[in-house]
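J.: What follows is final-v6.cif; its format and atoms are mmCIF, C-alpha atoms.
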```cif
data_protein
loop_
_atom_site.label_atom_id
_atom_site.label_comp_id
_atom_site.auth_asym_id
_atom_site.auth_seq_id
_atom_site.Cartn_x
_atom_site.Cartn_y
_atom_site.Cartn_z
CA MET A 13 -44.81 -47.26 -139.84
CA MET A 14 -42.07 -49.85 -139.38
CA LYS A 15 -38.52 -49.72 -140.71
CA SER A 16 -39.49 -52.04 -143.60
CA GLU A 17 -42.36 -49.76 -144.63
CA LEU A 18 -40.03 -46.77 -144.46
CA ILE A 19 -37.64 -48.58 -146.83
CA ASP A 20 -40.56 -49.35 -149.19
CA ALA A 21 -41.66 -45.72 -149.22
CA LEU A 22 -38.11 -44.47 -149.81
CA SER A 23 -37.39 -46.83 -152.66
CA ALA A 24 -40.69 -45.92 -154.31
CA GLY A 25 -39.61 -42.27 -154.20
CA GLN A 26 -36.02 -43.00 -155.24
CA GLY A 27 -36.58 -44.79 -158.53
CA HIS A 28 -32.93 -44.74 -159.53
CA LEU A 29 -31.66 -46.48 -156.37
CA ALA A 30 -32.01 -50.26 -156.06
CA TYR A 31 -34.18 -51.50 -153.20
CA LYS A 32 -31.14 -53.18 -151.66
CA ASP A 33 -29.22 -49.87 -151.66
CA VAL A 34 -32.07 -48.06 -149.92
CA GLU A 35 -32.26 -50.85 -147.36
CA LEU A 36 -28.52 -50.58 -146.69
CA ALA A 37 -28.69 -46.79 -146.57
CA VAL A 38 -31.46 -46.84 -143.94
CA ARG A 39 -29.51 -49.33 -141.87
CA CYS A 40 -26.38 -47.16 -142.16
CA ILE A 41 -28.21 -43.99 -141.16
CA VAL A 42 -29.71 -45.64 -138.07
CA GLU A 43 -26.35 -47.17 -137.16
CA ARG A 44 -24.57 -43.85 -137.60
CA MET A 45 -27.12 -42.15 -135.35
CA SER A 46 -26.89 -44.83 -132.65
CA GLY A 47 -23.10 -44.69 -132.82
CA ALA A 48 -23.10 -40.93 -132.39
CA LEU A 49 -25.28 -41.11 -129.27
CA ALA A 50 -23.27 -44.04 -127.88
CA SER A 51 -20.15 -41.86 -128.01
CA GLY A 52 -21.90 -38.91 -126.41
CA GLU A 53 -22.37 -36.91 -129.61
CA ARG A 54 -25.56 -34.91 -130.21
CA ILE A 55 -27.60 -35.21 -133.42
CA GLU A 56 -29.14 -32.08 -134.95
CA ILE A 57 -31.56 -32.31 -137.86
CA ARG A 58 -33.03 -28.96 -138.79
CA GLY A 59 -36.83 -29.06 -139.10
CA PHE A 60 -36.96 -32.52 -137.53
CA GLY A 61 -35.39 -32.30 -134.11
CA SER A 62 -32.34 -33.03 -132.03
CA PHE A 63 -31.16 -36.00 -130.01
CA SER A 64 -28.97 -35.60 -126.98
CA LEU A 65 -28.09 -37.48 -123.81
CA HIS A 66 -29.59 -36.74 -120.44
CA TYR A 67 -27.75 -37.76 -117.31
CA ARG A 68 -29.51 -39.74 -114.59
CA PRO A 69 -27.64 -39.47 -111.28
CA PRO A 70 -26.91 -42.56 -109.15
CA ARG A 71 -29.80 -43.68 -106.95
CA VAL A 72 -30.83 -46.43 -104.60
CA GLY A 73 -33.29 -48.74 -106.29
CA ARG A 74 -35.19 -51.74 -105.00
CA ASN A 75 -35.49 -55.27 -106.18
CA PRO A 76 -39.26 -55.43 -106.71
CA LYS A 77 -39.35 -59.15 -105.80
CA THR A 78 -37.36 -59.16 -102.57
CA GLY A 79 -37.57 -55.50 -101.56
CA ASP A 80 -33.79 -55.38 -101.08
CA SER A 81 -32.15 -52.06 -101.87
CA VAL A 82 -29.59 -51.98 -104.67
CA ALA A 83 -27.20 -49.16 -105.49
CA LEU A 84 -27.67 -48.05 -109.11
CA SER A 85 -24.89 -46.06 -110.73
CA GLY A 86 -25.46 -42.90 -112.78
CA LYS A 87 -26.22 -43.35 -116.46
CA HIS A 88 -27.08 -41.50 -119.64
CA VAL A 89 -30.39 -41.85 -121.49
CA PRO A 90 -31.20 -40.72 -125.05
CA HIS A 91 -33.51 -37.73 -125.36
CA PHE A 92 -35.33 -36.33 -128.42
CA LYS A 93 -36.57 -32.79 -128.77
CA PRO A 94 -38.84 -32.29 -131.80
CA GLY A 95 -37.93 -29.36 -134.03
CA LYS A 96 -40.25 -26.47 -134.79
CA GLU A 97 -41.30 -27.64 -138.26
CA LEU A 98 -42.17 -31.14 -136.99
CA ARG A 99 -44.08 -29.75 -134.01
CA ASP A 100 -46.04 -27.29 -136.12
CA ARG A 101 -46.91 -29.71 -138.92
CA VAL A 102 -48.07 -32.44 -136.52
CA ASN A 103 -50.13 -29.95 -134.57
CA GLN A 104 -51.72 -28.30 -137.62
CA ALA A 105 -52.79 -31.71 -138.94
CA TYR A 106 -54.29 -32.49 -135.53
CA ALA A 107 -56.11 -29.16 -135.35
CA LEU A 108 -57.64 -29.88 -138.76
CA GLU A 109 -58.75 -33.36 -137.59
CA LEU A 110 -60.41 -31.89 -134.50
CA GLN A 111 -62.14 -29.26 -136.60
CA GLN A 112 -63.47 -31.87 -139.04
CA GLN A 113 -64.71 -33.99 -136.14
CA ALA A 114 -66.51 -31.01 -134.63
CA THR A 115 -68.13 -30.17 -137.98
CA ALA A 116 -69.25 -33.78 -138.42
CA GLU A 117 -70.81 -33.76 -134.93
CA VAL A 118 -72.71 -30.54 -135.55
CA LYS A 119 -73.98 -31.95 -138.83
CA ALA A 120 -75.08 -35.20 -137.15
CA ASP A 121 -76.94 -33.20 -134.47
CA MET A 122 -78.71 -31.11 -137.10
CA ASP A 123 -79.69 -34.20 -139.06
CA ALA A 124 -81.05 -35.78 -135.88
CA GLU A 125 -83.13 -32.67 -135.13
CA VAL A 126 -84.53 -32.56 -138.63
CA GLY A 127 -85.32 -36.28 -138.31
CA ALA A 128 -87.15 -35.73 -135.01
CA GLU A 129 -89.30 -32.91 -136.47
CA ALA A 130 -90.27 -34.92 -139.52
CA MET B 1353 -19.78 -31.14 -132.55
CA ALA B 1354 -23.15 -32.55 -133.51
CA LEU B 1355 -24.01 -35.11 -136.16
CA THR B 1356 -25.89 -33.51 -139.08
CA LYS B 1357 -27.56 -34.65 -142.31
CA ALA B 1358 -24.41 -33.66 -144.21
CA ASP B 1359 -22.33 -36.01 -142.01
CA MET B 1360 -24.79 -38.85 -142.63
CA ALA B 1361 -24.69 -38.26 -146.39
CA GLU B 1362 -20.88 -38.28 -146.26
CA TYR B 1363 -21.01 -41.57 -144.36
CA LEU B 1364 -23.28 -43.17 -147.02
CA TYR B 1365 -20.91 -41.94 -149.71
CA GLU B 1366 -17.93 -43.53 -147.95
CA GLU B 1367 -19.58 -46.72 -146.70
CA LEU B 1368 -21.91 -47.61 -149.56
CA GLY B 1369 -20.36 -45.77 -152.47
CA LEU B 1370 -23.58 -43.90 -153.28
CA ASN B 1371 -22.79 -40.77 -155.21
CA LYS B 1372 -23.01 -37.52 -153.25
CA ARG B 1373 -26.32 -36.48 -154.81
CA GLU B 1374 -27.99 -39.84 -154.04
CA ALA B 1375 -26.56 -39.90 -150.53
CA LYS B 1376 -27.89 -36.42 -149.81
CA ASP B 1377 -31.34 -37.25 -151.26
CA VAL B 1378 -31.72 -40.49 -149.36
CA VAL B 1379 -30.89 -38.81 -146.02
CA GLU B 1380 -33.29 -35.97 -146.80
CA MET B 1381 -36.07 -38.43 -147.74
CA PHE B 1382 -35.43 -40.55 -144.67
CA PHE B 1383 -36.36 -37.72 -142.31
CA GLU B 1384 -39.14 -36.44 -144.57
CA GLU B 1385 -40.83 -39.87 -144.64
CA ILE B 1386 -40.71 -40.13 -140.84
CA ARG B 1387 -42.05 -36.60 -140.52
CA SER B 1388 -44.89 -37.28 -143.00
CA ALA B 1389 -45.94 -40.44 -141.16
CA LEU B 1390 -46.09 -38.50 -137.89
CA VAL B 1391 -48.08 -35.69 -139.54
CA ARG B 1392 -50.56 -38.36 -140.75
CA GLY B 1393 -50.90 -39.41 -137.12
CA GLU B 1394 -48.91 -42.63 -137.57
CA GLN B 1395 -46.41 -43.93 -135.02
CA VAL B 1396 -42.94 -44.73 -136.44
CA LYS B 1397 -40.92 -47.72 -135.21
CA LEU B 1398 -37.24 -48.06 -136.04
CA SER B 1399 -36.13 -51.39 -134.61
CA GLY B 1400 -32.77 -51.17 -132.88
CA PHE B 1401 -33.19 -47.42 -132.41
CA GLY B 1402 -36.56 -46.48 -130.95
CA ASN B 1403 -40.16 -45.44 -131.53
CA PHE B 1404 -41.58 -42.04 -132.34
CA ASP B 1405 -44.96 -41.95 -130.62
CA LEU B 1406 -47.76 -39.41 -130.70
CA ARG B 1407 -49.54 -38.18 -127.59
CA GLU B 1408 -52.68 -36.11 -127.47
CA LYS B 1409 -52.84 -33.36 -124.89
CA LYS B 1410 -56.09 -31.81 -123.74
CA GLU B 1411 -56.51 -28.07 -123.52
CA ARG B 1412 -55.17 -26.77 -120.20
CA PRO B 1413 -54.89 -23.38 -118.54
CA GLY B 1414 -51.62 -21.57 -119.12
CA ARG B 1415 -50.13 -18.23 -118.31
CA ASN B 1416 -48.05 -15.73 -120.19
CA PRO B 1417 -44.86 -15.86 -118.10
CA LYS B 1418 -44.10 -12.21 -118.84
CA THR B 1419 -47.44 -10.58 -118.12
CA GLY B 1420 -49.01 -13.21 -115.85
CA GLU B 1421 -52.10 -13.09 -118.06
CA GLU B 1422 -54.09 -16.35 -118.21
CA ILE B 1423 -54.36 -17.89 -121.68
CA PRO B 1424 -55.52 -21.44 -122.43
CA ILE B 1425 -52.98 -23.81 -124.03
CA THR B 1426 -54.98 -25.36 -126.85
CA ALA B 1427 -55.40 -29.14 -127.29
CA ARG B 1428 -52.43 -30.49 -129.24
CA ARG B 1429 -50.68 -33.60 -130.49
CA VAL B 1430 -47.01 -33.95 -129.62
CA VAL B 1431 -44.21 -36.27 -130.76
CA THR B 1432 -42.33 -38.26 -128.13
CA PHE B 1433 -39.38 -40.57 -128.63
CA ARG B 1434 -39.01 -43.84 -126.74
CA PRO B 1435 -35.51 -45.26 -127.20
CA GLY B 1436 -35.33 -49.00 -127.83
CA GLN B 1437 -33.55 -51.41 -125.50
CA LYS B 1438 -30.54 -51.72 -127.79
CA LEU B 1439 -29.97 -47.96 -128.00
CA LYS B 1440 -30.56 -47.54 -124.27
CA SER B 1441 -27.92 -50.07 -123.33
CA ARG B 1442 -25.41 -48.63 -125.81
CA VAL B 1443 -25.91 -45.13 -124.43
CA GLU B 1444 -25.96 -46.25 -120.78
CA ALA B 1445 -22.38 -47.39 -121.16
CA TYR B 1446 -21.28 -43.88 -122.16
CA ALA B 1447 -19.13 -42.69 -119.27
CA GLY B 1448 -18.36 -39.20 -120.54
CA THR B 1449 -19.07 -35.93 -118.82
CA GLU B 1450 -22.60 -35.00 -117.83
CA GLN B 1451 -24.41 -33.11 -120.58
#
```
Would you mind writing the file's structure down as structure tokens?

T.:
Amino acid sequence: MMKSELIDALSAGQGHLAYKDVELAVRCIVERMSGALASGERIEIRGFGSFSLHYRPPRVGRNPKTGDSVALSGKHVPHFKPGKELRDRVNQAYALELQQQATAEVKADMDAEVGAEA
Amino acid sequence: MALTKADMAEYLYEELGLNKREAKDVVEMFFEEIRSALVRGEQVKLSGFGNFDLREKKERPGRNPKTGEEIPITARRVVTFRPGQKLKSRVEAYAGTEQ
């Protein structure tokens, strides 16, 4: 799902808000989140997850073309930790998929056996 | 202090003039739509921010850290976040204290 499809889905569910407003709102939310992380602030969304910064210490890297070493300074990288509700829902849906697959395979095997006997 | 859904709703109210109810609903729906897509097994791409990807993990042996008892960790699907280039460079510039 891309940002545009997210906007479509939201405006379908938010009948009273104009498409343009939903589009602006999504852009604002994303901008507000990026701005928070850029200033070192965490984001905590219950049931979804949290975003924080992880620190990467300075290291000596290499220019892959020339092999020269280059000193790289320490930096922060964004990190996302999925919340419990998100983890559980994604996993339950996956477990159901696996179960359905297994059932379909057993059924296919049985059909094949019946076919071979006939 | 961490950014929350209430802060985002407040921001939409101030920036876009949505009423408080609408602002709260749109923030709520925003995260619910992303969550639903991931539950359906769909990757979510927010340009300028990053991608929420899904990875499938095979079953692997695990251990109860308390008792030392061996228990398999079942096959699962997990959500990972890959920040986009724009977000990465904005965050890289943050010179604050180590978190």

J.: Would you work out the distance separating atom CA of Phe1401 of chain B from atom CA of Lys1372 of chain B, expressed in Å to one decimal?

T.: 25.2 Å

J.: So, with only C-alpha atoms as the atoms that count, which of B:Met1353, B:Ala1361, B:Leu1370, B:Val1431 lies closest to Phe60 of chain A?

T.: B:Val1431

J.: Tell me as a list in words which residues belonging to chain A come within 6 Å of chain B, counting only C-alpha atoms.

T.: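 Contact residues on the first chain: Met13, Met14, Lys15, Ala50, Glu53, Arg54, Ile55, Glu56, Ile57, Tyr67, Lys87, His88, Phe92, Val102 and Asn103 of chain A.
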
J.: Please, could you write that set of residues out with C-alpha atoms as a PDB file, keeping the file's coordinate frame?

T.:
```pdb
ATOM      1  CA  MET A  13     -44.810 -47.260-139.840  1.00  0.00           C
ATOM      2  CA  MET A  14     -42.070 -49.850-139.380  1.00  0.00           C
ATOM      3  CA  LYS A  15     -38.520 -49.720-140.710  1.00  0.00           C
ATOM      4  CA  ALA A  50     -23.270 -44.040-127.880  1.00  0.00           C
ATOM      5  CA  GLU A  53     -22.370 -36.910-129.610  1.00  0.00           C
ATOM      6  CA  ARG A  54     -25.560 -34.910-130.210  1.00  0.00           C
ATOM      7  CA  ILE A  55     -27.600 -35.210-133.420  1.00  0.00           C
ATOM      8  CA  GLU A  56     -29.140 -32.080-134.950  1.00  0.00           C
ATOM      9  CA  ILE A  57     -31.560 -32.310-137.860  1.00  0.00           C
ATOM     10  CA  TYR A  67     -27.750 -37.760-117.310  1.00  0.00           C
ATOM     11  CA  LYS A  87     -26.220 -43.350-116.460  1.00  0.00           C
ATOM     12  CA  HIS A  88     -27.080 -41.500-119.640  1.00  0.00           C
ATOM     13  CA  PHE A  92     -35.330 -36.330-128.420  1.00  0.00           C
ATOM     14  CA  VAL A 102     -48.070 -32.440-136.520  1.00  0.00           C
ATOM     15  CA  ASN A 103     -50.130 -29.950-134.570  1.00  0.00           C
TER      16      ASN A 103
END
```

J.: Just checking: using only C-alpha atoms, which residue out of A:Val38, A:Leu84, A:Leu98, A:Lys32 ends up closest to Leu18 of chain A?

T.: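 The closest residue to Leu18 of chain A is A:Val38.
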
J.: Work out how far apart atom CA of Asn1416 of chain B and atom CA of Pro94 of chain A are and give it in Å to one decimal.

T.: 22.2 Å
